[in-house]
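Trainee: Structure below; questions to follow.
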Amino acid sequence: MGTKGQNGRWLGRDQNYDPESRGRSQSPLSFLTFKSLVQLRRTLSTGVVLLDMKEKTLGSIMETLVEELANRKAIDPNNKDGVLNALLQNHSPTQETQPLTAGSEVETFSVAERRDASDNVEASMVLVGALDFLECPAVAFVRLKEAEVLEEAGAAPVRFVLVLIGPSESDIDYHETGRAMAALMADRVFNQTALKAKGDHELTDALADFTDCSVVVPPTEIQSEAMLSPLIGFQKKLLQDRNRPSDPKTNYEHNPQKVSISPLPHHEDPLVRTGVPFGGMMRDIRRRYQHYKSDITDALNPQVLAAVIFIYFAALSPAVTFGGLLADKVDNMMGVPELLISTAVQGVIFCLLSAQPVLVIGFSGPLLVFEEAFYAFCKSQGIEYLVGRVWVGVWLVVIVVVVVAVEGSFLVRFISRFTQEIFSILISLIFIYETFAKLGRVFKAHPLILNYDSLNDTVENPWSPVVVPEQIYDNATGNITTVTKTVMRAYPNTALLSMCLMLGCFAIAYYLRIFKNGTFLPGKLRRLMGDFGVPIAIFLMIMVDINIEDTYTQKLVVPKGLQVSNPKMRGWLINPFGEHKPFPVWMMFGSVVPAMLVFILIFLESQITTLIISKPERKMAKGSGFHFDLLLLVTMGGLSAIFGVPWLSAATVRSVTHANALTVTTKGPKPVIEKVLEQRISGVLVALLVGLSILMEPILKMIPITALFGIFLYMGVTSLSGIQLWDRMLLLLVPKKYHPNEPYATMVKTNRMHLFTVIQMVCLVVLWMVKSSPISLALPFILILTIPLRMLMTGRLFTELEMKCLDADDAKVVLEEEPGVDVYAESQMPL
């Protein structure tokens with residue numbers, strides 16, 4: 001083993017501090033390799049973090065650190081002594097490298113940082129190296145409660161200790177990664193953030209900020225210093241954005257002699273509880289409504305108009321698709337008209353009043369699954385479905401008022417990727433299964449047989465059903481009763497054409513999405529075709545269906561004007577005490593159970609969507625409203641049940657698409673987000689246009705219902721992209737040498753990764769069995785049980801390090817301009 005000192009090299013960008021001469025001198029610019037930055041970010045984000053350690057000597061610090069590494073399975077407990085001995089070798093900064101043990105070498109980097117405007121100096125100690133008896137890399141970050149003078153680090157008291165060790169056969173360059181760690185600790189912004197951090201995520205965010213502000217020079221030969229001159233202005237711009245005083249997280253002064261930190265106050269975190277009833281909701285209103293004027297004026301931008309046109313089609317396609325499928329699930333008690341009206345009215349109200357108007361609300365797959373289950377329950381109990389929804393809506397309002405009063409939105413912190421991805425794949429599988437199940441019913445109704453009944457093509461509607469008389473003989477009385485039955489005939493080629501329309505619609509929409517991220521045609525035209533892939537697919541299938549006149553296909557049922565889907569059975573107002581028969585009193589109170597299930601679904605989708613939209617990387621400046629938006633959304637849904645229209649939730653993919661369409665980025669090969677046009681007008685206009693689409697009844701009635709099945713299949717398949725659980729399920733069949741370079745595959749043993757995947761698959765099977773059983777209404781309750789299951793596994797079945805790699809929320813902001821990716825990859829939630 002050996003040590004090498006490089007003291008004072010990363011003292012800062014401005015000056016070096018010399019404790020002996022008590023003076024400062026210009027320091028050379030530190031340079032790092034891009035690979036070292038990538039390895040630094042990967043290792044530190046999954047490492048062991050120990051904050052406010054009270055140890056006072058290097059020996060006790062290392063003993064505690066090694067013990068913690070062993071407890072968290074980062075190193076084999078049998079190797080504790082070897083690791084401790086390696087870390088406690090003489091680390092004098094002046095000593096040269098002297099290997100003492102074959103295959104082992106440890107380097108020490110000492111970094112000094114001036115803590116304030118005086119000459120008080122605190123140091124950071126970085127130890128990196130290869131230890132061949134280790135199986136995998138291990139990293140630890142230690143912050144001492146009080147800076148302590150350690151002989152091994154020189155005269156300056158040490159505040160931080162970083163350790164990176166692992167086998168020499170690892171792909172990590174320990175020397176360069178150690179230099180990157182030292183440069184990280186010499187960065188004033190990161191150093192001050194690390195000093196005040198209260199948890200791992202703050203360090204991870206600060207590390208991401210450090211790498212985002214680092215400049216990479218391509219592998220080009222630099223002929224002279226003049227070639228590097230353009231980097232100066234670019235780097236200054238990055239640093240100005242980083243140190244901008246308006247940054248809600250930090251406030252760094254430009255004075256190089258002093259760093260001023262304004263820690264993020266608790267009231268700035270929208271999920272921190274105030275302890276006052278409705279305190280979170282009032283805080284949301286105060287934070288957002290002060291920007292109401294700018295929410296109007298910021299819409300005076302051509303980009304907003306372009307976003308309106310795009311998001312209109314992005315919102316209309318799911319509304320028509322889900323409306324047609326909803327009508328099929330609930331025997332036409334609700335359908336396209338109700339969903340279009342609900343989307344329009346609730347959308348306008350939400351955009352005018354909400355704390356985060358960038359969100360797009362709409363119907364979704366989980367709500368469709370619930371409506372199907374609740375309708376089946378009501379039918380089995382002889383209860384009126386729409387009246388039951390009214391009482392569910394009443395209890396929804398009661399539940400959301402109680403939850404918002406106690407600031408229950410903070411519970412979203414406990415919903416990890418483990419639960420999100422199980423739910424997402426369940427919904428995706430339901431979409432895919434239902435598509436082929438519906439196609440199977442078409443084949444059953446119109447089987448492929450040798451001879452079909454001849455059609456009378458002289459009448460206006462040759463596809464009309466046949467009235468068949470049937471005689472019933474009563475053995476007791478000898479009477480013969482003639483009963484007429486309406487029978488849908490089996491039409492030739494209907495099943496085959498239906499299958500072609502479904503698969504064709506899916507294929508066109510899916511491959512246009514892939515085409516959008518390809519390289520053929522100019523980027524703007526390519527993205528335009530990809531963004532409107534679903535409307536293009538539906539339009540082409542309408543054209544195919546129209547041109548095949550001699551084959552029957554079922555069309556979307558849309559009434560004229562503002563009529564309801566089934567005017568014989570319902571109107572626009574639902575009597576809460578019964579439409580056609582009295583509603584049972586016990587169900588008025590029993591509706592609290594399905595109301596809780598609906599609330600869980602809306603809570604999950606809406607709050608997680610708000611989390612994604614509110615990522616710091618998006619640079620949203622006006623804040624969000626977890627509490628107020630939840631109250632507004634659920635209350636509107638509850639009241640809408642009186643009018644017999646669907647309740648809505650925040651739609652994840654549509655909201656991310658809306659935010660991306662409003663994002664202003666820098667020019668260049670790698671766009672950087674400058675700001676988001678946060679305003680209310682685009683959402684209002686989109687909702688109004690969706691509502692006016694009900695006047696498109698002549699066009700909507702031409703849509704083959706099987707084409708919508710294809711869009712249903714498209715939603716199920718595309719929802720699988722970006723889900724880590726799906727990727728890991730595929731890895732069960734992939735040899736280890738082909739596994740991706742991701743932390744869950746490289747930092748966790750393969751058998752442990754597969755065990756985690758199998759547990760999630762078992763949960764998925766259980767949820768599918770519940771969904772397919774008579775207790776399908778309990779599905780959200782069973783889903784919630786995966787949250788304590790995940791907590792129970794941490795520290796018992798899996799170490800914290802393994803859980804960080806397998807269950808980390810590592811989704812990043814995906815820009816439309818980036819080739820090869822799209823917004824579906826950003827969310828683990830279903831459509």
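Chain labels run A, B, ... following the order of the structure tokens; each chain numbers its residues from 1, and ligands are numbered from 1 in the order shown.
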Extract, using only C-alpha atoms, all DNA, RNA and protein residues at most 9 Å from Leu359 of chain A, discarding same-chain residues fewer than 5 positions from it, and format them as a CSV table (one decimal) with C-alpha atoms, in the first residue's frame.

Mentor:
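What follows is the written file part-v7.csv:
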```csv
chain,number,residue,atom,x,y,z
A,350,PHE,CA,-58.5,24.0,-12.9
A,351,CYS,CA,-56.3,26.2,-15.1
A,606,SER,CA,-51.7,13.8,-9.4
A,609,THR,CA,-47.1,14.1,-11.7
A,610,THR,CA,-46.6,17.3,-9.7
A,613,ILE,CA,-43.2,18.7,-13.2
A,650,ALA,CA,-53.5,14.9,-13.6
A,651,ALA,CA,-52.3,13.0,-16.7
A,652,THR,CA,-48.6,12.3,-16.4
A,654,ARG,CA,-49.7,14.9,-21.2
A,655,SER,CA,-48.5,17.1,-18.4
A,656,VAL,CA,-44.9,16.4,-19.1
A,658,HIS,CA,-47.2,20.4,-22.0
A,659,ALA,CA,-44.3,21.4,-19.8
A,683,GLY,CA,-54.4,25.2,-20.5
```

Trainee: Please report, as CSV, each residue of segment 158-222 of chain A lying at most 8 Å from segment 45-59 of chain A, together with the nearest pair of atoms and the separation in Å rounded to one decimal; use only C-alpha atoms, and order rows by chain and ascending residue number.

Mentor:
```
residue,atom,partner,partner_atom,distance
A:Lys198,CA,A:Leu51,CA,7.8
A:Asp200,CA,A:Val49,CA,6.6
A:Thr204,CA,A:Ser45,CA,5.7
```

Trainee: Among the residues of segment 420-586 of chain A, find those DSSP assigns to strand (DSSP E) from the backbone and print them as a PyMOL selection string.

Mentor: chain A and resi 466-473+480-487

Trainee: Just to be explicit: take each residue in the selection above, keep all heavy atoms, and write the result as a CSV table (one decimal), in the first residue's frame.

Mentor:
```csv
chain,number,residue,atom,x,y,z
A,466,VAL,N,-80.9,-8.5,-37.3
A,466,VAL,CA,-82.0,-9.3,-37.8
A,466,VAL,C,-83.0,-9.6,-36.7
A,466,VAL,O,-82.6,-10.0,-35.6
A,466,VAL,CB,-81.5,-10.7,-38.4
A,466,VAL,CG1,-82.7,-11.5,-38.9
A,466,VAL,CG2,-80.6,-10.4,-39.5
A,467,VAL,N,-84.3,-9.4,-36.9
A,467,VAL,CA,-85.3,-9.8,-35.9
A,467,VAL,C,-85.8,-11.2,-36.2
A,467,VAL,O,-86.3,-11.6,-37.2
A,467,VAL,CB,-86.5,-8.8,-36.1
A,467,VAL,CG1,-87.6,-9.2,-35.1
A,467,VAL,CG2,-86.1,-7.4,-35.8
A,468,VAL,N,-85.5,-12.1,-35.2
A,468,VAL,CA,-85.8,-13.5,-35.4
A,468,VAL,C,-86.9,-13.9,-34.4
A,468,VAL,O,-86.8,-13.7,-33.2
A,468,VAL,CB,-84.5,-14.4,-35.1
A,468,VAL,CG1,-84.8,-15.8,-35.2
A,468,VAL,CG2,-83.4,-13.9,-36.0
A,469,PRO,N,-88.1,-14.5,-34.9
A,469,PRO,CA,-89.1,-14.9,-34.1
A,469,PRO,C,-88.7,-16.3,-33.4
A,469,PRO,O,-88.1,-17.1,-34.1
A,469,PRO,CB,-90.3,-15.1,-35.0
A,469,PRO,CG,-89.7,-15.3,-36.3
A,469,PRO,CD,-88.4,-14.6,-36.4
A,470,GLU,N,-89.1,-16.4,-32.2
A,470,GLU,CA,-88.8,-17.7,-31.5
A,470,GLU,C,-90.0,-18.1,-30.7
A,470,GLU,O,-90.6,-17.4,-30.0
A,470,GLU,CB,-87.6,-17.5,-30.5
A,470,GLU,CG,-87.2,-18.8,-29.8
A,470,GLU,CD,-86.0,-18.5,-28.8
A,470,GLU,OE1,-85.4,-17.4,-28.9
A,470,GLU,OE2,-85.7,-19.4,-28.0
A,471,GLN,N,-90.4,-19.4,-30.9
A,471,GLN,CA,-91.6,-19.9,-30.2
A,471,GLN,C,-91.2,-20.7,-29.0
A,471,GLN,O,-90.3,-21.5,-29.0
A,471,GLN,CB,-92.4,-20.8,-31.2
A,471,GLN,CG,-93.0,-20.1,-32.4
A,471,GLN,CD,-93.8,-21.0,-33.2
A,471,GLN,OE1,-93.7,-22.2,-33.2
A,471,GLN,NE2,-94.8,-20.4,-34.0
A,472,ILE,N,-91.9,-20.4,-27.9
A,472,ILE,CA,-91.7,-21.1,-26.6
A,472,ILE,C,-92.9,-21.9,-26.3
A,472,ILE,O,-94.0,-21.3,-26.1
A,472,ILE,CB,-91.3,-20.0,-25.5
A,472,ILE,CG1,-90.1,-19.2,-25.9
A,472,ILE,CG2,-91.1,-20.7,-24.2
A,472,ILE,CD1,-89.8,-18.1,-24.9
A,473,TYR,N,-92.8,-23.2,-26.1
A,473,TYR,CA,-93.9,-24.1,-25.8
A,473,TYR,C,-93.9,-24.3,-24.3
A,473,TYR,O,-92.9,-24.7,-23.6
A,473,TYR,CB,-93.8,-25.4,-26.5
A,473,TYR,CG,-94.9,-26.4,-26.2
A,473,TYR,CD1,-96.1,-26.2,-26.8
A,473,TYR,CD2,-94.7,-27.5,-25.4
A,473,TYR,CE1,-97.2,-27.1,-26.5
A,473,TYR,CE2,-95.7,-28.4,-25.1
A,473,TYR,CZ,-96.9,-28.2,-25.7
A,473,TYR,OH,-97.9,-29.1,-25.4
A,480,ILE,N,-98.4,-21.8,-26.7
A,480,ILE,CA,-97.2,-21.4,-27.5
A,480,ILE,C,-97.1,-19.9,-27.5
A,480,ILE,O,-98.0,-19.2,-28.0
A,480,ILE,CB,-97.3,-22.0,-28.9
A,480,ILE,CG1,-97.4,-23.5,-28.9
A,480,ILE,CG2,-96.1,-21.6,-29.8
A,480,ILE,CD1,-97.6,-24.1,-30.3
A,481,THR,N,-95.9,-19.5,-27.0
A,481,THR,CA,-95.6,-18.0,-27.0
A,481,THR,C,-94.6,-17.7,-28.0
A,481,THR,O,-93.5,-18.3,-28.1
A,481,THR,CB,-95.2,-17.6,-25.6
A,481,THR,OG1,-96.1,-18.0,-24.6
A,481,THR,CG2,-95.0,-16.1,-25.5
A,482,THR,N,-94.8,-16.7,-28.8
A,482,THR,CA,-93.9,-16.2,-29.9
A,482,THR,C,-93.1,-15.0,-29.4
A,482,THR,O,-93.8,-14.0,-29.0
A,482,THR,CB,-94.6,-15.9,-31.2
A,482,THR,OG1,-95.3,-17.1,-31.7
A,482,THR,CG2,-93.6,-15.5,-32.2
A,483,VAL,N,-91.8,-15.1,-29.3
A,483,VAL,CA,-91.0,-14.0,-28.8
A,483,VAL,C,-90.0,-13.6,-29.9
A,483,VAL,O,-89.5,-14.5,-30.6
A,483,VAL,CB,-90.2,-14.5,-27.6
A,483,VAL,CG1,-89.3,-13.3,-27.1
A,483,VAL,CG2,-91.1,-14.9,-26.4
A,484,THR,N,-89.9,-12.3,-30.1
A,484,THR,CA,-89.0,-11.8,-31.2
A,484,THR,C,-87.7,-11.4,-30.5
A,484,THR,O,-87.7,-10.7,-29.5
A,484,THR,CB,-89.6,-10.6,-31.9
A,484,THR,OG1,-89.9,-9.6,-31.0
A,484,THR,CG2,-90.9,-11.0,-32.7
A,485,LYS,N,-86.6,-11.8,-31.1
A,485,LYS,CA,-85.3,-11.4,-30.6
A,485,LYS,C,-84.5,-10.7,-31.7
A,485,LYS,O,-84.6,-11.0,-32.9
A,485,LYS,CB,-84.5,-12.7,-30.2
A,485,LYS,CG,-85.0,-13.3,-29.0
A,485,LYS,CD,-84.0,-14.5,-28.5
A,485,LYS,CE,-84.4,-15.1,-27.2
A,485,LYS,NZ,-83.5,-16.2,-26.8
A,486,THR,N,-83.7,-9.7,-31.3
A,486,THR,CA,-82.9,-9.0,-32.2
A,486,THR,C,-81.5,-9.6,-32.1
A,486,THR,O,-80.8,-9.6,-31.1
A,486,THR,CB,-82.8,-7.5,-31.8
A,486,THR,OG1,-84.1,-6.9,-31.8
A,486,THR,CG2,-81.9,-6.7,-32.8
A,487,VAL,N,-81.0,-10.1,-33.2
A,487,VAL,CA,-79.7,-10.8,-33.3
A,487,VAL,C,-78.8,-10.1,-34.3
A,487,VAL,O,-79.2,-9.7,-35.4
A,487,VAL,CB,-80.0,-12.3,-33.8
A,487,VAL,CG1,-78.6,-13.0,-33.8
A,487,VAL,CG2,-80.9,-13.0,-32.9
```

Trainee: Which one of A:Gln724, A:Ser424, A:Gln303, A:Ser170 sits closest to Met747 of chain A if you count only C-alpha atoms?

Mentor: A:Ser170

Trainee: Any idea what the distance is between atom CA of Ser294 of chain A and atom CA of Leu677 of chain A?

Mentor: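 The value is 9.9 Å.
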
Trainee: Rank A:Ala156, A:Val216, A:Leu426, A:Ile784 by their smallest atom-to-atom distance to Glu122 of chain A, using only C-alpha atoms, and report the top residue only.

Mentor: A:Ala156

Trainee: As an MDAnalysis selection string, please: every residue in segment 338-486 of chain A that DSSP puts in alpha helix (DSSP H).

Mentor: chainID A and resid 338:353 365:381 385:405 417:445
